[in-house]
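*Asks:* Next up, work11.cif (mmCIF, C-alpha atoms and all ligand atoms).
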data_entry
loop_
_atom_site.label_atom_id
_atom_site.label_comp_id
_atom_site.auth_asym_id
_atom_site.auth_seq_id
_atom_site.Cartn_x
_atom_site.Cartn_y
_atom_site.Cartn_z
CA MET Q 1 0.00 0.00 0.00
CA SER Q 2 1.41 3.34 -1.01
CA ALA Q 3 1.12 5.80 1.86
CA SER Q 4 1.27 8.72 -0.57
CA MET Q 5 -1.75 7.94 -2.71
CA LEU Q 6 -3.91 10.67 -1.15
CA PHE Q 7 -1.39 13.25 -2.28
CA THR Q 8 -1.12 12.28 -5.92
CA PRO Q 9 -2.85 14.41 -8.57
CA PHE Q 10 -6.03 13.21 -10.21
CA GLN Q 11 -7.99 14.38 -13.23
CA VAL Q 12 -11.63 15.12 -12.43
CA GLY Q 13 -13.42 16.09 -15.61
CA ALA Q 14 -12.01 19.44 -16.72
CA LEU Q 15 -9.90 19.89 -13.57
CA THR Q 16 -6.55 18.48 -12.52
CA LEU Q 17 -6.70 18.11 -8.75
CA PRO Q 18 -3.38 18.28 -6.85
CA ASN Q 19 -4.55 15.62 -4.37
CA ARG Q 20 -7.38 13.15 -3.71
CA ILE Q 21 -8.73 14.95 -0.63
CA ILE Q 22 -12.13 16.50 -1.35
CA MET Q 23 -13.92 18.88 1.02
CA ALA Q 24 -17.46 17.48 1.40
CA PRO Q 25 -20.41 19.89 1.15
CA MET Q 26 -21.38 21.24 4.56
CA THR Q 27 -24.22 23.55 5.48
CA ARG Q 28 -22.96 26.07 8.04
CA SER Q 29 -26.05 28.35 8.19
CA ARG Q 30 -24.22 31.63 8.23
CA ALA Q 31 -25.75 33.38 5.23
CA GLN Q 32 -26.91 36.93 5.71
CA ARG Q 33 -30.54 37.53 6.69
CA PRO Q 34 -32.67 38.62 4.87
CA GLY Q 35 -31.77 37.37 1.42
CA ASN Q 36 -29.72 34.25 2.26
CA VAL Q 37 -26.57 35.87 0.86
CA PRO Q 38 -23.07 34.42 1.39
CA THR Q 39 -20.93 36.85 3.39
CA PRO Q 40 -17.25 37.91 3.34
CA SER Q 41 -16.72 35.44 6.22
CA THR Q 42 -17.87 32.66 3.88
CA ALA Q 43 -15.16 33.73 1.42
CA ILE Q 44 -12.54 33.55 4.18
CA TYR Q 45 -13.83 30.15 5.35
CA TYR Q 46 -13.56 28.52 1.94
CA ALA Q 47 -10.27 30.23 1.00
CA GLN Q 48 -8.75 28.87 4.24
CA ARG Q 49 -9.54 25.38 2.91
CA ALA Q 50 -8.28 25.96 -0.67
CA THR Q 51 -5.59 23.27 -0.46
CA ALA Q 52 -8.32 20.63 -0.76
CA GLY Q 53 -8.13 18.87 -4.11
CA LEU Q 54 -11.64 20.21 -4.68
CA ILE Q 55 -14.05 22.10 -2.43
CA ILE Q 56 -17.74 21.29 -2.77
CA SER Q 57 -19.76 24.15 -1.31
CA GLU Q 58 -22.56 23.78 1.18
CA GLY Q 59 -25.96 23.06 -0.36
CA SER Q 60 -27.33 26.23 -1.97
CA GLN Q 61 -31.00 26.56 -2.75
CA ILE Q 62 -31.86 26.87 -6.42
CA SER Q 63 -35.03 28.90 -5.78
CA ALA Q 64 -36.97 30.49 -2.96
CA GLN Q 65 -39.09 27.31 -2.87
CA ALA Q 66 -36.02 25.12 -2.38
CA VAL Q 67 -35.15 26.30 1.15
CA GLY Q 68 -35.60 24.22 4.29
CA TYR Q 69 -33.05 25.47 6.79
CA ILE Q 70 -32.61 28.93 8.21
CA ASP Q 71 -29.69 31.10 7.02
CA THR Q 72 -28.59 28.76 4.23
CA PRO Q 73 -27.35 30.50 1.08
CA GLY Q 74 -29.18 30.55 -2.24
CA ILE Q 75 -28.05 30.81 -5.85
CA HIS Q 76 -31.17 32.43 -7.33
CA SER Q 77 -30.81 36.18 -6.72
CA ALA Q 78 -28.34 38.78 -8.00
CA GLU Q 79 -27.22 39.49 -4.42
CA GLN Q 80 -26.50 35.81 -3.83
CA VAL Q 81 -24.49 35.58 -7.06
CA ALA Q 82 -22.48 38.64 -5.99
CA GLY Q 83 -21.88 37.07 -2.56
CA TRP Q 84 -20.71 33.81 -4.11
CA LYS Q 85 -18.43 35.71 -6.50
CA LEU Q 86 -16.43 36.89 -3.48
CA VAL Q 87 -16.13 33.25 -2.44
CA THR Q 88 -14.94 31.89 -5.80
CA GLU Q 89 -12.48 34.76 -6.24
CA ALA Q 90 -11.01 34.16 -2.78
CA VAL Q 91 -10.70 30.40 -3.36
CA HIS Q 92 -9.12 30.87 -6.78
CA ALA Q 93 -6.72 33.51 -5.46
CA ALA Q 94 -5.65 30.96 -2.83
CA GLY Q 95 -4.99 28.41 -5.60
CA GLY Q 96 -8.11 26.29 -5.03
CA ARG Q 97 -11.02 24.87 -7.01
CA ILE Q 98 -14.69 24.99 -5.95
CA PHE Q 99 -17.97 23.47 -7.13
CA LEU Q 100 -21.35 24.75 -5.95
CA GLN Q 101 -23.81 22.20 -4.59
CA LEU Q 102 -27.28 22.71 -6.14
CA TRP Q 103 -29.98 21.97 -3.56
CA HIS Q 104 -33.76 21.66 -3.33
CA VAL Q 105 -35.00 20.23 -0.02
CA GLY Q 106 -38.49 19.29 -1.24
CA ALA Q 107 -40.49 17.96 1.71
CA ILE Q 108 -37.78 18.64 4.31
CA SER Q 109 -39.02 22.16 4.95
CA HIS Q 110 -41.66 24.11 6.81
CA PRO Q 111 -44.44 26.66 6.05
CA TYR Q 112 -42.28 29.18 7.98
CA PHE Q 113 -40.14 29.48 4.82
CA HIS Q 114 -43.06 29.67 2.37
CA ASN Q 115 -45.39 32.38 3.73
CA GLY Q 116 -47.47 29.67 5.39
CA ALA Q 117 -47.76 27.41 2.32
CA LEU Q 118 -46.82 23.74 2.50
CA PRO Q 119 -43.45 22.46 1.28
CA VAL Q 120 -43.57 20.60 -2.05
CA ALA Q 121 -42.64 17.01 -2.85
CA PRO Q 122 -43.29 14.27 -5.41
CA SER Q 123 -46.07 12.92 -3.18
CA ALA Q 124 -47.85 13.84 0.06
CA VAL Q 125 -45.68 11.62 2.24
CA LYS Q 126 -44.74 13.02 5.65
CA PRO Q 127 -41.01 12.86 6.36
CA THR Q 128 -39.70 11.99 9.80
CA ALA Q 129 -37.85 15.24 10.31
CA THR Q 130 -37.79 18.51 12.16
CA ALA Q 131 -37.03 21.87 10.61
CA PHE Q 132 -34.90 24.58 12.20
CA THR Q 133 -36.88 27.76 11.53
CA GLY Q 134 -36.83 31.24 13.01
CA ASN Q 135 -38.99 29.80 15.80
CA GLY Q 136 -36.60 26.99 16.68
CA MET Q 137 -37.11 23.28 15.93
CA GLU Q 138 -40.49 22.52 14.38
CA GLU Q 139 -42.16 19.39 13.09
CA VAL Q 140 -42.04 19.00 9.30
CA PRO Q 141 -45.63 18.70 7.94
CA THR Q 142 -47.02 16.49 5.19
CA PRO Q 143 -45.98 18.21 1.93
CA ARG Q 144 -48.08 19.08 -1.10
CA ALA Q 145 -47.60 16.88 -4.19
CA LEU Q 146 -46.27 18.78 -7.21
CA ASP Q 147 -48.23 18.95 -10.48
CA THR Q 148 -46.38 17.61 -13.53
CA HIS Q 149 -45.87 21.09 -14.99
CA GLU Q 150 -44.41 22.26 -11.67
CA VAL Q 151 -41.85 19.45 -11.78
CA LYS Q 152 -40.73 20.64 -15.20
CA ALA Q 153 -40.50 24.21 -13.87
CA ILE Q 154 -38.19 23.03 -11.07
CA VAL Q 155 -35.87 21.46 -13.66
CA GLU Q 156 -35.71 24.93 -15.23
CA ASP Q 157 -34.93 26.43 -11.79
CA PHE Q 158 -31.97 24.04 -11.58
CA ARG Q 159 -30.86 25.18 -15.05
CA GLN Q 160 -31.04 28.84 -14.06
CA ALA Q 161 -29.20 28.10 -10.81
CA ALA Q 162 -26.41 26.41 -12.77
CA LYS Q 163 -26.17 29.49 -14.98
CA ASN Q 164 -25.98 31.63 -11.86
CA ALA Q 165 -23.23 29.41 -10.47
CA GLN Q 166 -21.31 29.89 -13.68
CA ALA Q 167 -21.78 33.66 -13.46
CA ALA Q 168 -20.51 33.52 -9.88
CA GLY Q 169 -17.28 31.91 -11.08
CA PHE Q 170 -17.70 28.33 -9.83
CA ASP Q 171 -15.60 25.65 -11.54
CA GLY Q 172 -18.62 23.38 -11.73
CA VAL Q 173 -21.67 22.17 -9.84
CA GLU Q 174 -22.63 19.15 -7.79
CA VAL Q 175 -26.25 18.02 -8.09
CA HIS Q 176 -27.44 17.18 -4.56
CA GLY Q 177 -29.21 13.88 -5.08
CA ALA Q 178 -28.50 12.64 -1.54
CA ASN Q 179 -29.81 12.72 2.02
CA GLY Q 180 -33.54 12.43 1.41
CA PHE Q 181 -34.02 15.79 -0.32
CA LEU Q 182 -36.14 16.50 -3.42
CA ILE Q 183 -34.19 14.50 -6.01
CA ASP Q 184 -33.90 11.56 -3.62
CA GLN Q 185 -37.64 11.87 -2.84
CA PHE Q 186 -38.41 11.40 -6.54
CA LEU Q 187 -35.99 8.50 -6.90
CA GLN Q 188 -36.92 6.35 -3.90
CA SER Q 189 -40.15 4.37 -3.91
CA GLY Q 190 -41.20 5.22 -0.33
CA THR Q 191 -41.60 8.93 -1.15
CA ASN Q 192 -42.71 8.69 -4.79
CA LEU Q 193 -46.31 7.49 -5.23
CA ARG Q 194 -46.86 9.40 -8.48
CA THR Q 195 -48.72 8.04 -11.48
CA ASP Q 196 -47.41 10.49 -14.11
CA GLU Q 197 -44.15 10.24 -16.08
CA TYR Q 198 -42.18 11.00 -12.86
CA GLY Q 199 -43.48 8.03 -10.85
CA GLY Q 200 -44.15 4.33 -10.92
CA SER Q 201 -41.42 2.54 -12.85
CA LEU Q 202 -37.77 2.89 -11.92
CA GLU Q 203 -37.22 4.68 -15.20
CA ASN Q 204 -39.90 7.21 -14.26
CA ARG Q 205 -38.62 7.69 -10.70
CA ALA Q 206 -35.13 8.45 -12.02
CA ARG Q 207 -36.44 10.86 -14.67
CA PHE Q 208 -36.34 13.98 -12.48
CA ALA Q 209 -32.74 13.33 -11.37
CA LEU Q 210 -31.63 12.79 -14.95
CA GLU Q 211 -33.44 15.88 -16.26
CA VAL Q 212 -31.75 17.97 -13.56
CA VAL Q 213 -28.35 16.52 -14.48
CA GLN Q 214 -29.03 17.19 -18.16
CA ALA Q 215 -29.88 20.82 -17.35
CA ALA Q 216 -26.64 21.26 -15.39
CA VAL Q 217 -24.68 19.55 -18.18
CA ASP Q 218 -26.28 21.88 -20.76
CA VAL Q 219 -24.85 24.81 -18.81
CA PHE Q 220 -21.43 23.61 -17.64
CA GLY Q 221 -20.62 20.59 -19.82
CA ALA Q 222 -20.52 17.10 -18.32
CA ASP Q 223 -16.88 17.48 -17.26
CA ARG Q 224 -17.89 20.15 -14.72
CA VAL Q 225 -20.92 18.40 -13.21
CA GLY Q 226 -20.85 15.93 -10.33
CA TYR Q 227 -23.66 14.00 -8.60
CA LYS Q 228 -23.99 13.12 -4.92
CA MET Q 229 -26.09 10.19 -3.70
CA SER Q 230 -26.52 8.37 -0.38
CA PRO Q 231 -27.82 4.95 -1.41
CA SER Q 232 -27.92 3.35 2.03
CA ALA Q 233 -28.90 6.32 4.21
CA ASN Q 234 -32.38 6.88 5.63
CA LEU Q 235 -32.34 10.60 6.36
CA GLY Q 236 -35.82 12.06 6.74
CA GLY Q 237 -37.13 8.50 6.87
CA ILE Q 238 -36.49 8.00 3.13
CA SER Q 239 -36.79 4.41 1.95
CA ASP Q 240 -36.77 2.34 -1.18
CA ALA Q 241 -38.12 -1.15 -1.79
CA ASP Q 242 -34.89 -2.19 -3.53
CA PRO Q 243 -32.07 0.34 -3.05
CA LEU Q 244 -29.48 -1.79 -4.86
CA ALA Q 245 -31.63 -1.97 -7.99
CA THR Q 246 -32.66 1.70 -7.79
CA PHE Q 247 -29.19 3.14 -7.32
CA SER Q 248 -27.63 0.73 -9.80
CA TYR Q 249 -30.10 1.87 -12.45
CA LEU Q 250 -29.53 5.57 -11.70
CA THR Q 251 -25.76 5.09 -11.73
CA GLY Q 252 -25.97 3.33 -15.08
CA GLN Q 253 -27.86 6.30 -16.49
CA LEU Q 254 -25.43 8.81 -14.94
CA GLU Q 255 -22.55 6.87 -16.48
CA ARG Q 256 -23.84 7.81 -19.93
CA PHE Q 257 -23.22 11.54 -19.37
CA GLY Q 258 -19.48 11.25 -18.76
CA LEU Q 259 -19.76 13.33 -15.59
CA ALA Q 260 -16.85 14.86 -13.69
CA TYR Q 261 -17.52 12.45 -10.82
CA LEU Q 262 -19.97 10.38 -8.80
CA HIS Q 263 -19.93 11.17 -5.06
CA VAL Q 264 -21.28 8.36 -2.88
CA MET Q 265 -21.99 8.95 0.80
CA GLU Q 266 -22.16 5.53 2.39
CA ALA Q 267 -21.26 6.01 6.01
CA LEU Q 268 -18.90 3.55 7.62
CA PRO Q 269 -20.37 1.54 10.53
CA GLY Q 270 -20.80 3.59 13.69
CA HIS Q 271 -20.84 6.90 11.83
CA PHE Q 272 -23.49 9.47 12.78
CA MET Q 273 -25.02 9.26 9.29
CA ALA Q 274 -25.12 5.46 9.12
CA PRO Q 275 -28.65 3.99 9.06
CA LYS Q 276 -29.88 2.01 12.07
CA GLU Q 277 -30.48 -1.00 9.87
CA SER Q 278 -27.77 -1.52 7.29
CA LYS Q 279 -28.98 -1.48 3.67
CA GLY Q 280 -25.46 -1.58 2.36
CA PRO Q 281 -22.90 -1.74 1.23
CA ILE Q 282 -24.16 -0.57 -2.14
CA ALA Q 283 -21.19 1.55 -3.19
CA PRO Q 284 -19.06 -1.42 -4.39
CA ALA Q 285 -21.76 -2.33 -6.93
CA LEU Q 286 -22.00 1.29 -8.12
CA ARG Q 287 -18.22 1.51 -8.44
CA LYS Q 288 -18.39 -1.31 -11.00
CA ILE Q 289 -21.06 0.51 -13.01
CA PHE Q 290 -19.59 4.02 -12.98
CA THR Q 291 -16.28 4.19 -14.84
CA GLY Q 292 -15.53 7.87 -14.15
CA PRO Q 293 -13.99 9.46 -11.04
CA PHE Q 294 -15.58 7.92 -7.92
CA ILE Q 295 -15.65 9.70 -4.55
CA LEU Q 296 -16.45 7.85 -1.33
CA ASN Q 297 -17.55 9.65 1.84
CA GLY Q 298 -18.78 9.03 5.35
CA GLY Q 299 -16.50 8.72 8.35
CA TYR Q 300 -13.16 8.33 6.61
CA THR Q 301 -9.86 8.91 8.40
CA LYS Q 302 -6.55 9.29 6.62
CA GLU Q 303 -5.76 5.61 7.19
CA VAL Q 304 -9.15 4.31 6.06
CA ALA Q 305 -9.01 6.62 3.03
CA GLU Q 306 -5.55 5.36 2.03
CA ARG Q 307 -6.82 1.82 2.30
CA ALA Q 308 -9.92 2.54 0.18
CA LEU Q 309 -7.77 4.15 -2.52
CA SER Q 310 -5.24 1.32 -2.54
CA LEU Q 311 -8.06 -1.23 -2.87
CA HIS Q 312 -9.49 0.84 -5.77
CA GLU Q 313 -12.76 1.26 -3.88
CA ALA Q 314 -12.61 4.92 -4.94
CA ASN Q 315 -10.38 7.42 -6.75
CA LEU Q 316 -11.00 10.18 -4.24
CA ILE Q 317 -12.29 10.54 -0.68
CA SER Q 318 -14.31 13.44 0.67
CA PHE Q 319 -14.03 14.63 4.24
CA GLY Q 320 -16.66 16.68 6.02
CA VAL Q 321 -16.26 17.19 9.76
CA PRO Q 322 -12.44 16.90 9.65
CA PHE Q 323 -12.35 20.03 7.44
CA ILE Q 324 -14.37 22.11 9.92
CA ALA Q 325 -11.63 22.34 12.56
CA ASN Q 326 -8.67 21.72 10.24
CA PRO Q 327 -8.51 24.26 7.41
CA ASP Q 328 -5.09 22.79 6.52
CA LEU Q 329 -6.37 19.19 6.59
CA VAL Q 330 -4.27 18.28 3.54
CA ALA Q 331 -1.04 19.46 5.20
CA ARG Q 332 -1.93 17.76 8.47
CA TYR Q 333 -2.55 14.45 6.73
CA ARG Q 334 0.65 14.85 4.74
CA THR Q 335 2.73 15.48 7.86
CA ASP Q 336 0.75 13.27 10.25
CA THR Q 337 -0.03 16.26 12.44
CA PRO Q 338 -2.79 15.52 14.98
CA LEU Q 339 -6.20 16.89 14.03
CA SER Q 340 -8.13 19.52 15.98
CA GLN Q 341 -11.62 18.48 17.10
CA ALA Q 342 -14.58 20.48 15.80
CA ASP Q 343 -17.16 21.90 18.22
CA PRO Q 344 -20.62 20.62 17.15
CA SER Q 345 -22.36 23.54 18.88
CA THR Q 346 -20.99 25.87 16.17
CA PHE Q 347 -21.60 23.60 13.16
CA TYR Q 348 -24.80 25.43 12.23
CA GLY Q 349 -25.37 29.15 12.59
CA GLY Q 350 -23.87 31.76 14.83
CA THR Q 351 -20.89 33.98 14.25
CA ASP Q 352 -17.33 33.62 12.98
CA LYS Q 353 -16.64 31.56 16.12
CA GLY Q 354 -16.25 27.95 15.07
CA TYR Q 355 -16.29 29.10 11.43
CA VAL Q 356 -13.16 30.99 10.41
CA ASP Q 357 -11.20 30.93 13.68
CA TYR Q 358 -9.82 27.37 13.58
CA PRO Q 359 -6.09 27.86 13.08
CA SER Q 360 -3.75 26.06 10.73
CA SER Q 361 -1.15 23.96 12.47
CA GLU Q 362 1.93 25.90 11.44
C1 LIG Q 401 -22.38 20.42 9.56
C2 LIG Q 401 -22.69 19.53 8.39
C3 LIG Q 401 -23.40 20.02 7.32
C4 LIG Q 401 -23.65 19.22 6.19
N1 LIG Q 401 -24.29 19.76 5.11
C5 LIG Q 401 -24.37 19.04 3.95
C6 LIG Q 401 -24.84 19.66 2.75
O1 LIG Q 401 -25.17 20.86 2.69
N2 LIG Q 401 -24.89 18.87 1.63
C7 LIG Q 401 -24.54 17.54 1.66
O2 LIG Q 401 -24.62 16.88 0.62
N3 LIG Q 401 -24.08 16.95 2.78
C8 LIG Q 401 -23.97 17.68 3.91
N4 LIG Q 401 -23.42 17.11 5.03
C9 LIG Q 401 -22.90 15.74 4.94
C10 LIG Q 401 -21.41 15.76 4.57
O3 LIG Q 401 -21.22 16.22 3.24
C11 LIG Q 401 -20.80 14.36 4.67
O4 LIG Q 401 -21.54 13.52 3.82
C12 LIG Q 401 -20.84 13.83 6.10
O5 LIG Q 401 -20.40 14.81 7.02
C13 LIG Q 401 -19.99 12.57 6.26
O6 LIG Q 401 -18.62 12.84 6.00
P1 LIG Q 401 -17.56 12.98 7.22
O7 LIG Q 401 -17.68 11.77 8.07
O8 LIG Q 401 -16.22 13.09 6.56
O9 LIG Q 401 -17.93 14.22 7.97
C14 LIG Q 401 -23.21 17.88 6.18
C15 LIG Q 401 -22.51 17.38 7.30
C16 LIG Q 401 -22.25 18.18 8.37
C17 LIG Q 401 -21.46 17.62 9.54
#
Could you render the structure from this file as structure tokens?
*Replies:*
Amino acid sequence: MSASMLFTPFQVGALTLPNRIIMAPMTRSRAQRPGNVPTPSTAIYYAQRATAGLIISEGSQISAQAVGYIDTPGIHSAEQVAGWKLVTEAVHAAGGRIFLQLWHVGAISHPYFHNGALPVAPSAVKPTATAFTGNGMEEVPTPRALDTHEVKAIVEDFRQAAKNAQAAGFDGVEVHGANGFLIDQFLQSGTNLRTDEYGGSLENRARFALEVVQAAVDVFGADRVGYKMSPSANLGGISDADPLATFSYLTGQLERFGLAYLHVMEALPGHFMAPKESKGPIAPALRKIFTGPFILNGGYTKEVAERALSLHEANLISFGVPFIANPDLVARYRTDTPLSQADPSTFYGGTDKGYVDYPSSE
């Protein structure tokens, strides 16, 4: 096993990454209110982490309808694009690369964010989730099922958001198909009870995901579009009758685009995102189907990552929590410097404390 594999360059679509260490997308809930605009602190935060092979931004809502968490940034207004421009300029000036994660929460939301209206979803299936609103933690209600023409309009919102990401200077976009949000709600059989062209057969359930990917590819080109999925997670109570078949089919369809990468979150046992009842592992089957760059995520340490790379389980590994408290994670892994521990009380929301004040080791 080569101990240096994490630090070798790798070609991801249009980009040559200097190492295999990806910064996983992480919501930090520090956008400016009102307007959900990324701030100058956000630019500092990402620029501090620019030695990552690739940064994937926190989920960013593609429309006003797409929001489900307080103080999360959007990519649908001119102010938001201007805010993100500061971020991409800072990351590029620091020598880094950054994709924007395109996000629609679907049912995982609350009327608080929609002037009292219900959140939207493929079908009126109540998630098991709470929403953090301006009034604290609140129960997520049963959503309203989208009409067919509304589904098509959301695909166009994704297209416009990708255009906005391009205008903001991002190197590409990641389609957020993971964690029980809108795209996942369409894909998985437990949340999709539709009888139109977006429901029923596996082909129909995957249609929304693939139309969104096509829209992003139309804007950026396939070599600047990635896709994130979490085939064995059950966030928001999401479920599928046959996850292996569902995610294998979707992966086979994604393979046809020649995407920059496939990003699979399949948490290692004991991880906080691992399901109570294991549905996995599914990633090894997907790895055989998808021939492009393959990112694994979910509880990896340097040692476990090195092992996964040497066994060809993945080409790249993404790290979430380790990047919060270690802006120089790449250097620390390279020099075997002990990691700082992140404070979970400042993961979401608040000030620059726990955001841009974690020091580098040198
Ligand atoms: C604070 C926090 C926020 C997160 N926000 C997002 C997000 O916006 N989009 C996403 O796809 N995953 C999100 N995740 C999941 C991470 O991308 C990653 O899948 C997870 O943390 C597991 O990787 P790790 O064990 O290396 O942290 C978040 C995780 C954390 C801890």
*Asks:* What does the structure give for the distance between CA of Lys302 (chain Q) and CA of Tyr358 (chain Q), in Å to one decimal?
*Replies:*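 Separation of CA of Lys302 (chain Q) and CA of Tyr358 (chain Q): 19.6 Å.
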*Asks:* Report as a tab-separated table the residues of chain Q within 6 Å of ligand LIG 401 (chain Q), each with its shortest atom pair and distance in Å (one decimal), using all atoms listed in the file, ordered by chain and increasing residue number.
*Replies:*
residue	atom	partner	partner_atom	distance
Q:Ala24	CA	Q:LIG401	O3	4.4
Q:Pro25	CA	Q:LIG401	O3	4.3
Q:Met26	CA	Q:LIG401	N1	3.3
Q:Thr27	CA	Q:LIG401	N1	3.8
Q:Arg28	CA	Q:LIG401	C1	5.9
Q:Glu58	CA	Q:LIG401	O1	4.2
Q:Gly59	CA	Q:LIG401	O1	3.8
Q:His176	CA	Q:LIG401	O2	5.9
Q:Met265	CA	Q:LIG401	O4	5.5
Q:Asn297	CA	Q:LIG401	O6	5.4
Q:Gly298	CA	Q:LIG401	C13	3.9
Q:Gly299	CA	Q:LIG401	O7	3.3
Q:Tyr300	CA	Q:LIG401	O8	5.7
Q:Phe319	CA	Q:LIG401	O8	3.5
Q:Gly320	CA	Q:LIG401	O9	3.4
Q:Val321	CA	Q:LIG401	O9	3.8
Q:Phe347	CA	Q:LIG401	C1	4.9
*Asks:* Which polymer residues have any atom within 9 Å of an atom of region 274-280 of chain Q, counting only C-alpha atoms, with same-chain residues fewer than 5 positions away left out, as a PyMOL selection string?
*Replies:* chain Q and resi 231-235+243-244+266-269+298
*Asks:* May I ask which of the residues Q:Asp336, Q:Ser60, Q:Ile70, Q:Gln65 is the closest one to Gly350 (chain Q), counting all atoms listed in the file?
*Replies:*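 Once distances to Gly350 (chain Q) are computed over all atoms listed in the file, the minimum belongs to Q:Ile70.
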*Asks:* Could you tell me how far CA of Thr246 (chain Q) lies from CA of His110 (chain Q), in Å and to one decimal?
*Replies:* 28.2 Å
*Asks:* So what do you get for CA of Thr148 (chain Q) versus CA of Pro127 (chain Q), distance-wise?
*Replies:* 21.1 Å
*Asks:* Around (-40.9, 4.8, -13.4), as given in the file, which residues come within 10 Å? Count all atoms listed in the file and list them as a PyMOL selection string.
*Replies:* chain Q and resi 186-187+189+192+194-207
*Asks:* Tell me, as a PyMOL selection string, which residues lie within 8 Å of Phe113 (chain Q), counting only C-alpha atoms; anything in the same chain fewer than 4 positions away does not count.
*Replies:* chain Q and resi 67-68+109+133
*Asks:* Determine the nearest neighbour of Phe294 (chain Q) from the options Q:Val12, Q:Ala167, Q:Met273, Q:Leu329, counting only C-alpha atoms.
*Replies:*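 Residue with the minimum atom-to-atom distance to Phe294 (chain Q): Q:Val12.
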*Asks:* Could you check which of Q:Ala168, Q:Val213, Q:Ala64, Q:Met23 is closest to Ala90 (chain Q), using all atoms listed in the file?
*Replies:*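 Closest candidate: Q:Ala168.
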*Asks:* Can you list, as a list in words, every protein, DNA or RNA residue that comes within 8 Å of region 325-328 of chain Q when you count all atoms listed in the file, leaving out same-chain residues fewer than 3 positions away?
*Replies:* Gln48, Arg49, Thr51, Val321, Pro322, Ala331, Arg332, Leu339, Ser340, Gln341, Ala342, Asp343, Gly354, Tyr358, Pro359, Ser360 and Ser361 of chain Q
*Asks:* Applying 9 Å and all atoms listed in the file, which residues near Gly349 (chain Q) remain after dropping the ones on its own chain fewer than 5 positions away? List them as a PDB file with C-alpha atoms, keeping the file's coordinate frame.
*Replies:*
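Wrote it out as result_19.pdb, contents follow:
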ATOM      1  CA  ARG Q  28     -22.960  26.070   8.040  1.00  0.00           C
ATOM      2  CA  SER Q  29     -26.050  28.350   8.190  1.00  0.00           C
ATOM      3  CA  ARG Q  30     -24.220  31.630   8.230  1.00  0.00           C
ATOM      4  CA  ALA Q  31     -25.750  33.380   5.230  1.00  0.00           C
ATOM      5  CA  ILE Q  70     -32.610  28.930   8.210  1.00  0.00           C
ATOM      6  CA  ASP Q  71     -29.690  31.100   7.020  1.00  0.00           C
ATOM      7  CA  THR Q  72     -28.590  28.760   4.230  1.00  0.00           C
TER       8      THR Q  72
END
*Asks:* Choose the residue, out of Q:Arg33, Q:Arg256, Q:His271, Q:Arg159, that has the smallest atom-to-atom separation from Trp103 (chain Q); count only C-alpha atoms.
*Replies:*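 Closest to Trp103 (chain Q) of all the choices is Q:Arg159.
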*Asks:* Enclose region 200-203 of chain Q, meaning all of its atoms listed in the file, in a box aligned along x, y and z, pad it by 3 Å on each side, and list the centre and edge lengths in Å to one decimal, as AutoDock Vina command-line options.
*Replies:*
--center_x -40.7 --center_y 3.6 --center_z -13.1 --size_x 12.9 --size_y 8.1 --size_z 10.3
*Asks:* List the neighbours of Gly177 (chain Q) out to 8 Å using only C-alpha atoms; skip same-chain residues closer than 4 positions along the sequence, and give me the result as JSON, numbers by chain.
*Replies:* {"Q": [181, 182, 183, 184, 209, 227, 228, 229, 230]}
*Asks:* I'd like to know which of Q:Glu79, Q:Asp171, Q:Glu303, Q:Glu138 is closest to Gly13 (chain Q), using all atoms listed in the file.
*Replies:*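 Among the listed residues, the smallest separation from Gly13 (chain Q) belongs to Q:Asp171.
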*Asks:* Between Q:Val120, Q:Phe132, Q:Phe170, Q:Ala14, single out the one closest to Val151 (chain Q), counting all atoms listed in the file.
*Replies:*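 Nearest candidate to Val151 (chain Q) out of Q:Val120, Q:Phe132, Q:Phe170, Q:Ala14: Q:Val120.
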